[in-house]
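So this one's upload.csv, CSV, C-alpha atoms:
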```csv
chain,number,residue,atom,x,y,z
O,1,MET,CA,67.3,-25.9,77.1
O,2,ILE,CA,65.4,-26.0,80.4
O,3,ARG,CA,63.3,-29.0,79.2
O,4,LEU,CA,66.6,-30.8,78.5
O,5,GLY,CA,67.7,-30.2,82.1
O,6,GLY,CA,70.3,-27.5,81.3
O,7,ARG,CA,70.7,-24.0,82.4
O,8,VAL,CA,70.6,-20.7,80.5
O,9,MET,CA,72.7,-17.5,80.9
O,10,SER,CA,71.2,-14.6,79.0
O,11,THR,CA,72.8,-11.4,77.7
O,12,GLU,CA,70.3,-9.5,75.6
O,13,ARG,CA,71.2,-6.1,74.1
O,14,ALA,CA,74.8,-6.9,74.8
O,15,GLN,CA,76.0,-3.8,73.0
O,16,ASP,CA,74.3,-1.7,75.7
O,17,PHE,CA,75.5,-3.1,79.0
O,18,SER,CA,78.0,-6.0,78.6
O,19,SER,CA,81.7,-5.6,77.8
O,20,VAL,CA,80.6,-5.0,74.2
O,21,SER,CA,79.5,-1.5,75.4
O,22,TYR,CA,83.2,-0.9,76.3
O,23,GLY,CA,84.2,-1.7,72.7
O,24,GLU,CA,84.8,-5.4,73.2
O,25,SER,CA,85.0,-7.2,69.8
O,26,LEU,CA,82.8,-10.0,68.8
O,27,ASP,CA,85.8,-12.3,68.8
O,28,ASP,CA,86.7,-11.5,72.4
O,29,THR,CA,83.1,-11.8,73.6
O,30,ILE,CA,82.8,-15.2,72.0
O,31,ARG,CA,86.1,-16.4,73.5
O,32,VAL,CA,85.0,-15.1,77.0
O,33,VAL,CA,81.5,-16.5,76.9
O,34,GLY,CA,82.9,-19.7,75.5
O,35,ASN,CA,84.6,-20.2,78.9
O,36,TYR,CA,81.4,-19.8,80.7
O,37,SER,CA,79.1,-22.1,78.7
O,38,ASP,CA,78.8,-25.2,76.5
O,39,VAL,CA,76.9,-23.6,73.6
O,40,ILE,CA,76.3,-20.0,72.4
O,41,VAL,CA,73.0,-19.0,70.8
O,42,LEU,CA,73.9,-15.8,69.0
O,43,ARG,CA,71.6,-13.1,67.5
O,44,HIS,CA,73.9,-10.6,65.8
O,45,ASN,CA,73.1,-7.3,64.1
O,46,GLN,CA,75.3,-7.9,61.1
O,47,ILE,CA,75.0,-10.4,58.3
O,48,GLY,CA,77.7,-13.1,58.8
O,49,GLY,CA,78.1,-12.4,62.5
O,50,ALA,CA,77.3,-16.0,63.4
O,51,LYS,CA,79.7,-17.3,60.8
O,52,ARG,CA,82.5,-15.1,62.2
O,53,ALA,CA,81.8,-16.3,65.7
O,54,ALA,CA,81.9,-19.9,64.6
O,55,GLU,CA,85.3,-19.4,63.1
O,56,ILE,CA,86.9,-18.5,66.4
O,57,SER,CA,84.6,-20.3,68.9
O,58,SER,CA,85.8,-23.3,70.9
O,59,ILE,CA,82.2,-24.3,71.6
O,60,PRO,CA,79.2,-24.7,69.2
O,61,ILE,CA,77.5,-21.5,67.8
O,62,ILE,CA,73.8,-21.5,66.9
O,63,ASN,CA,72.8,-18.7,64.7
O,64,ALA,CA,69.6,-17.1,66.1
O,65,GLY,CA,69.4,-14.5,63.3
O,66,ASP,CA,72.1,-12.4,61.8
O,67,GLY,CA,71.5,-8.9,60.4
O,68,LYS,CA,68.6,-7.7,58.2
O,69,GLY,CA,68.4,-10.0,55.3
O,70,GLY,CA,70.7,-12.6,56.8
O,71,GLN,CA,69.6,-16.0,58.0
O,72,HIS,CA,67.6,-17.6,60.8
O,73,PRO,CA,68.2,-21.3,60.3
O,74,THR,CA,66.5,-22.6,63.4
O,75,GLN,CA,63.3,-20.8,62.6
O,76,ALA,CA,63.4,-22.2,59.1
O,77,LEU,CA,64.0,-25.7,60.4
O,78,LEU,CA,61.0,-25.5,62.7
O,79,ASP,CA,58.9,-24.0,59.8
O,80,LEU,CA,59.9,-26.9,57.6
O,81,TYR,CA,59.1,-29.4,60.4
O,82,THR,CA,55.7,-27.8,60.8
O,83,ILE,CA,55.0,-28.1,57.1
O,84,TYR,CA,56.0,-31.8,57.3
O,85,LYS,CA,53.8,-32.5,60.3
O,86,GLU,CA,50.8,-30.6,58.9
O,87,ILE,CA,50.9,-31.5,55.2
O,88,LYS,CA,52.5,-34.9,55.7
O,89,THR,CA,55.0,-34.2,52.9
O,90,ILE,CA,57.3,-31.5,51.6
O,91,ASP,CA,57.9,-32.8,48.1
O,92,GLY,CA,55.4,-31.1,45.8
O,93,VAL,CA,54.2,-28.5,48.3
O,94,LYS,CA,53.2,-25.1,47.2
O,95,VAL,CA,54.2,-22.3,49.5
O,96,ALA,CA,53.3,-18.6,49.4
O,97,MET,CA,55.7,-16.3,51.4
O,98,VAL,CA,54.0,-13.0,52.1
O,99,GLY,CA,55.2,-9.7,53.5
O,100,ASN,CA,58.6,-8.0,53.7
O,101,LEU,CA,60.7,-10.6,51.9
O,102,GLN,CA,63.6,-8.3,51.2
O,103,ASP,CA,64.7,-8.1,54.9
O,104,GLY,CA,63.1,-11.3,56.2
O,105,ARG,CA,65.7,-13.8,57.6
O,106,THR,CA,63.1,-16.5,58.1
O,107,VAL,CA,61.8,-16.6,54.5
O,108,ARG,CA,65.3,-16.5,53.1
O,109,SER,CA,66.4,-19.5,55.3
O,110,LEU,CA,63.2,-21.3,54.5
O,111,ALA,CA,63.6,-20.8,50.7
O,112,TYR,CA,67.1,-22.5,51.0
O,113,LEU,CA,65.6,-25.5,52.7
O,114,LEU,CA,62.5,-25.8,50.4
O,115,GLY,CA,64.9,-25.8,47.5
O,116,LYS,CA,66.3,-29.2,48.6
O,117,PHE,CA,63.0,-30.9,47.9
O,118,GLU,CA,61.3,-32.2,44.7
O,119,ARG,CA,58.6,-30.3,42.8
O,120,VAL,CA,58.3,-27.5,45.3
O,121,LYS,CA,56.6,-24.3,44.1
O,122,ILE,CA,57.3,-21.0,45.9
O,123,TYR,CA,55.2,-17.9,45.4
O,124,PHE,CA,57.0,-14.7,46.7
O,125,VAL,CA,54.2,-12.2,47.5
O,126,ALA,CA,55.3,-8.7,48.3
O,127,PRO,CA,55.2,-5.1,47.2
O,128,PRO,CA,57.8,-4.7,44.5
O,129,THR,CA,60.1,-2.7,46.9
O,130,LEU,CA,60.1,-5.5,49.4
O,131,GLN,CA,60.4,-8.5,47.1
O,132,MET,CA,62.8,-11.4,47.7
O,133,LYS,CA,66.4,-10.6,46.9
O,134,GLN,CA,68.2,-11.8,43.8
O,135,ASP,CA,70.7,-14.1,45.6
O,136,ILE,CA,67.8,-16.3,46.7
O,137,LEU,CA,66.2,-16.3,43.3
O,138,ASP,CA,69.5,-17.2,41.8
O,139,TYR,CA,69.9,-20.1,44.2
O,140,LEU,CA,66.5,-21.4,43.4
O,141,GLY,CA,67.2,-21.0,39.7
O,142,ARG,CA,70.4,-23.0,40.0
O,143,HIS,CA,68.5,-25.8,41.7
O,144,ASP,CA,65.6,-25.8,39.3
O,145,VAL,CA,63.1,-24.8,41.9
O,146,TRP,CA,59.9,-23.2,40.5
O,147,TYR,CA,59.1,-19.8,41.8
O,148,THR,CA,57.2,-16.7,40.9
O,149,LEU,CA,57.1,-13.1,42.1
O,150,GLU,CA,53.6,-11.8,42.9
O,151,SER,CA,52.1,-8.7,44.4
O,152,ASP,CA,48.5,-9.8,44.4
O,153,PHE,CA,48.0,-11.7,47.7
O,154,GLN,CA,44.4,-12.8,47.2
O,155,LYS,CA,45.0,-14.1,43.7
O,156,ILE,CA,47.4,-16.8,44.9
O,157,LEU,CA,45.6,-18.0,48.0
O,158,PRO,CA,43.4,-20.6,46.2
O,159,GLU,CA,46.5,-22.1,44.7
O,160,VAL,CA,48.8,-22.9,47.6
O,161,ASP,CA,49.1,-25.4,50.5
O,162,VAL,CA,50.9,-23.1,52.8
O,163,VAL,CA,50.5,-19.4,53.4
O,164,TYR,CA,53.5,-18.1,55.3
O,165,MET,CA,52.8,-14.6,56.4
O,166,THR,CA,55.6,-12.3,57.7
O,167,ARG,CA,55.6,-8.8,59.2
O,168,ILE,CA,55.4,-5.7,57.0
O,169,GLU,CA,56.8,-3.0,59.2
O,170,GLU,CA,55.2,0.4,58.7
O,171,GLU,CA,58.5,2.2,58.6
O,172,LYS,CA,59.6,0.1,55.6
O,173,LEU,CA,56.9,1.7,53.4
O,174,PRO,CA,56.7,5.2,51.8
O,175,ALA,CA,54.0,7.1,53.8
O,176,ALA,CA,51.6,7.3,50.8
O,177,ALA,CA,51.8,3.5,50.4
O,178,ILE,CA,51.2,2.4,54.0
O,179,GLU,CA,47.5,2.1,53.9
O,180,LYS,CA,47.2,0.2,50.7
O,181,PRO,CA,49.9,-2.5,51.2
O,182,PHE,CA,48.7,-3.1,54.7
O,183,LYS,CA,45.2,-3.7,53.5
O,184,ARG,CA,46.5,-5.7,50.6
O,185,TYR,CA,48.5,-8.1,52.8
O,186,PHE,CA,46.1,-8.4,55.7
O,187,LEU,CA,44.3,-11.7,56.3
O,188,ASP,CA,41.0,-11.9,58.1
O,189,GLU,CA,38.2,-14.4,58.2
O,190,GLU,CA,36.8,-13.4,54.8
O,191,ILE,CA,40.1,-13.6,53.0
O,192,MET,CA,40.9,-16.9,54.7
O,193,LYS,CA,37.9,-18.4,52.9
O,194,LEU,CA,40.0,-18.1,49.7
O,195,MET,CA,42.5,-20.6,51.0
O,196,ARG,CA,42.1,-24.3,50.2
O,197,SER,CA,40.3,-26.3,52.8
O,198,ASN,CA,43.4,-28.2,53.7
O,199,ALA,CA,45.9,-25.3,53.4
O,200,ILE,CA,47.6,-24.0,56.5
O,201,LEU,CA,48.4,-20.5,57.7
O,202,MET,CA,51.9,-19.9,59.2
O,203,HIS,CA,53.7,-16.9,60.8
O,204,PRO,CA,57.0,-16.8,62.6
O,205,LEU,CA,55.6,-14.4,65.2
O,206,PRO,CA,55.4,-11.9,66.6
O,207,ARG,CA,52.8,-10.5,64.3
O,208,LEU,CA,51.8,-6.9,63.7
O,209,ASN,CA,48.6,-6.3,61.8
O,210,GLU,CA,48.9,-8.8,59.1
O,211,ILE,CA,46.7,-11.6,60.6
O,212,SER,CA,43.5,-10.8,62.4
O,213,PRO,CA,43.2,-12.5,65.8
O,214,VAL,CA,39.7,-13.6,64.7
O,215,VAL,CA,41.3,-16.4,62.6
O,216,ASP,CA,43.4,-17.7,65.5
O,217,SER,CA,40.8,-20.4,66.4
O,218,ASN,CA,40.5,-21.6,62.8
O,219,PRO,CA,42.1,-25.1,62.5
O,220,ARG,CA,44.0,-24.0,59.5
O,221,SER,CA,45.9,-21.4,61.6
O,222,ALA,CA,49.1,-23.3,62.4
O,223,TYR,CA,51.2,-20.5,64.0
O,224,PHE,CA,50.8,-21.5,67.6
O,225,ARG,CA,51.4,-25.1,66.7
O,226,GLN,CA,54.5,-23.8,64.9
O,227,THR,CA,55.8,-22.3,68.2
O,228,LYS,CA,55.4,-25.7,69.9
O,229,ASN,CA,57.3,-27.3,67.1
O,230,GLY,CA,60.0,-24.7,67.6
O,231,VAL,CA,60.6,-26.0,71.1
O,232,LEU,CA,61.0,-29.6,69.8
O,233,ILE,CA,63.3,-28.7,66.9
O,234,ARG,CA,65.5,-26.5,69.1
O,235,MET,CA,65.7,-29.2,71.7
O,236,ALA,CA,66.8,-31.6,68.9
O,237,LEU,CA,69.4,-29.1,67.7
O,238,LEU,CA,70.8,-28.5,71.1
O,239,SER,CA,71.1,-32.1,71.8
O,240,SER,CA,72.9,-32.5,68.4
O,241,VAL,CA,75.5,-30.0,69.2
O,242,LEU,CA,76.0,-30.9,72.9
O,243,ASP,CA,76.2,-34.7,72.5
V,1,MET,CA,73.3,-36.8,64.3
V,2,LYS,CA,76.3,-34.7,65.5
V,3,LEU,CA,76.4,-31.1,64.5
V,4,GLN,CA,79.3,-28.7,65.2
V,5,HIS,CA,77.7,-25.3,64.5
V,6,ILE,CA,74.3,-24.2,63.1
V,7,ILE,CA,75.0,-21.2,60.9
V,8,GLU,CA,72.9,-21.4,57.8
V,9,SER,CA,70.2,-23.5,56.2
V,10,GLN,CA,72.3,-24.6,53.3
V,11,GLN,CA,74.4,-26.8,55.6
V,12,PHE,CA,71.5,-29.2,56.1
V,13,THR,CA,71.2,-32.1,53.7
V,14,LEU,CA,68.1,-34.2,53.2
V,15,PRO,CA,69.3,-37.1,55.3
V,16,MET,CA,70.2,-34.6,58.1
V,17,LEU,CA,66.7,-33.1,57.9
V,18,ASN,CA,65.2,-36.5,58.2
V,19,ASP,CA,67.4,-37.3,61.2
V,20,LEU,CA,66.5,-33.9,62.8
V,21,PHE,CA,62.7,-34.5,62.4
V,22,GLU,CA,63.0,-38.0,64.0
V,23,LEU,CA,64.9,-36.4,66.8
V,24,ALA,CA,62.2,-33.7,67.2
V,25,ASP,CA,59.6,-36.4,67.3
V,26,GLN,CA,61.6,-38.1,70.2
V,27,MET,CA,61.7,-34.7,71.9
V,28,GLU,CA,57.9,-34.5,71.8
V,29,ARG,CA,57.7,-37.7,73.7
V,30,ILE,CA,60.3,-36.4,76.2
V,31,VAL,CA,58.4,-33.2,76.7
V,32,ALA,CA,55.2,-35.2,77.2
V,33,ARG,CA,56.9,-37.0,80.1
V,34,GLY,CA,57.9,-33.7,81.6
V,35,GLY,CA,61.4,-33.2,80.1
V,36,THR,CA,64.7,-34.8,80.8
V,37,LEU,CA,67.7,-34.1,83.0
V,38,ASP,CA,70.2,-35.5,80.5
V,39,TYR,CA,71.8,-32.1,80.0
V,40,GLN,CA,71.7,-30.8,83.6
V,41,LYS,CA,75.5,-30.1,83.5
V,42,LYS,CA,75.2,-28.1,80.3
V,43,ILE,CA,75.0,-24.3,80.1
V,44,MET,CA,73.5,-22.4,77.1
V,45,ALA,CA,74.6,-18.8,76.7
V,46,SER,CA,72.1,-16.6,74.9
V,47,LEU,CA,73.8,-13.6,73.4
V,48,SER,CA,72.1,-10.8,71.5
V,49,THR,CA,73.6,-7.7,69.9
V,50,ASN,CA,70.5,-6.1,68.5
V,51,HIS,CA,67.3,-4.7,69.8
V,52,GLN,CA,64.9,-6.7,67.7
V,53,ARG,CA,62.2,-8.9,69.2
V,54,ALA,CA,63.3,-12.3,70.2
V,55,HIS,CA,61.2,-15.4,70.8
V,56,GLY,CA,62.5,-18.8,70.6
V,57,PHE,CA,66.1,-19.6,71.4
V,58,LEU,CA,66.9,-16.2,72.9
V,59,SER,CA,64.0,-16.2,75.2
V,60,SER,CA,64.6,-17.8,78.6
V,61,ARG,CA,61.0,-19.1,78.3
V,62,GLN,CA,62.2,-22.2,76.4
```
Represent the supplied structure as structure tokens.
Amino acid sequence: MIRLGGRVMSTERAQDFSSVSYGESLDDTIRVVGNYSDVIVLRHNQIGGAKRAAEISSIPIINAGDGKGGQHPTQALLDLYTIYKEIKTIDGVKVAMVGNLQDGRTVRSLAYLLGKFERVKIYFVAPPTLQMKQDILDYLGRHDVWYTLESDFQKILPEVDVVYMTRIEEEKLPAAAIEKPFKRYFLDEEIMKLMRSNAILMHPLPRLNEISPVVDSNPRSAYFRQTKNGVLIRMALLSSVLD
Amino acid sequence: MKLQHIIESQQFTLPMLNDLFELADQMERIVARGGTLDYQKKIMASLSTNHQRAHGFLSSRQ
């Protein structure tokens, strides 16, 4: 917003110190903040929070993530833009999504977008307890999008054009399983050699332990270019709702 | 391209995605020139109701 010349008013952790802490409803908060501003970027802790806000808002609402296992459309749009810029096409692309797919908003939103293109193949790579939810698989099935569920990370690396890593939070795993899944879904210099020479590595950031900083300088590591693309896509989205 | 709200990925069609990417390419040129003042009268409210990490839109860095 700043690069567009506009101003930002920020209320993070609104439930702790804004009027929300006094029990103000989402509806009232949106109506009040709508009088202060021209667009609201909302991260809400419940799935569907942004949709509810949009139904009563007099100004545009941008969903910046709603609930665990909800959506994060702006992240998915910048991810798609990154794939387009790096691979030069989206039709026919093979994408591996790796990590905690069950709760991941970014991978859910990206799967919806990839499903709009031709001959896309999606590899969902996760421990069985953290696999992609059925509603996304059903959506892809209805749109004839090829997908597969995998737990072997290294096996699929030579097959794909894009490796999209996400966080696996330690607290999501049973204690006995922590060591093994973390090692299994960890990418370092040696494991990166399994990737195709023209494949790219993406991550929505911030990362935990899943990508070694050693590979940051590898040209195939696209996650910092991804953040730059995020600025551009979000500028484009803001201009599209403000014009 | 005029959008009202941005709520979920499914709302974007292929022509909309094409328009969005072209607009983002334009934004890259604008950023290279140091930005624009076209929206200097506009205010973006950033509202978060959870404790999770936020980069991107919710960060005042952008």
For Asp38 in chain O: contacts at 9 Å, only C-alpha atoms, fewer than 4 positions along chain excluded, given as a ChimeraX atom specification: /O:34,59-60,242 /V:42-45
For chain V against chain O, which residues fall within 6 Å using all atoms listed in the file, given as number ranges by chain? V: 1-9, 23-24, 27, 35-37, 39-40, 42-51
Separation of CA of Lys121 in chain O from CA of Glu169 in chain O in Å: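 Answer for the CA of Glu169 in chain O to CA of Lys121 in chain O separation: 26.1 Å.
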Within 8 Å of (55.7, -31.0, 44.0) in the file's own coordinates, which protein, DNA or RNA residues have an atom, counting all atoms listed in the file? List them as a list in words.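 Returned residue set, sorted by chain then number, is Ile90, Asp91, Gly92, Val93, Lys94, Glu118, Arg119, Val120 and Lys121 of chain O.
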As an exercise, work out the distance from CA of Glu22 in chain V to CA of Tyr164 in chain O in Å and give it to one decimal place.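 For CA of Glu22 in chain V relative to CA of Tyr164 in chain O, the distance reads 23.7 Å.
The two atoms in question, CA of Ile168 in chain O and CA of Lys68 in chain O, are spaced 13.4 Å apart.
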Do you know which residues are at most 10 Å from Asn198 in chain O counting all atoms listed in the file, after dropping those on the same chain fewer than 5 positions away, and could you put them as a count of residues only? 7
As a PyMOL selection string, please: the residues near range 133-135 of chain O (cut-off 10 Å, all atoms listed in the file, same-chain neighbours under 6 positions excluded). chain O and resi 69+101-104+108+141
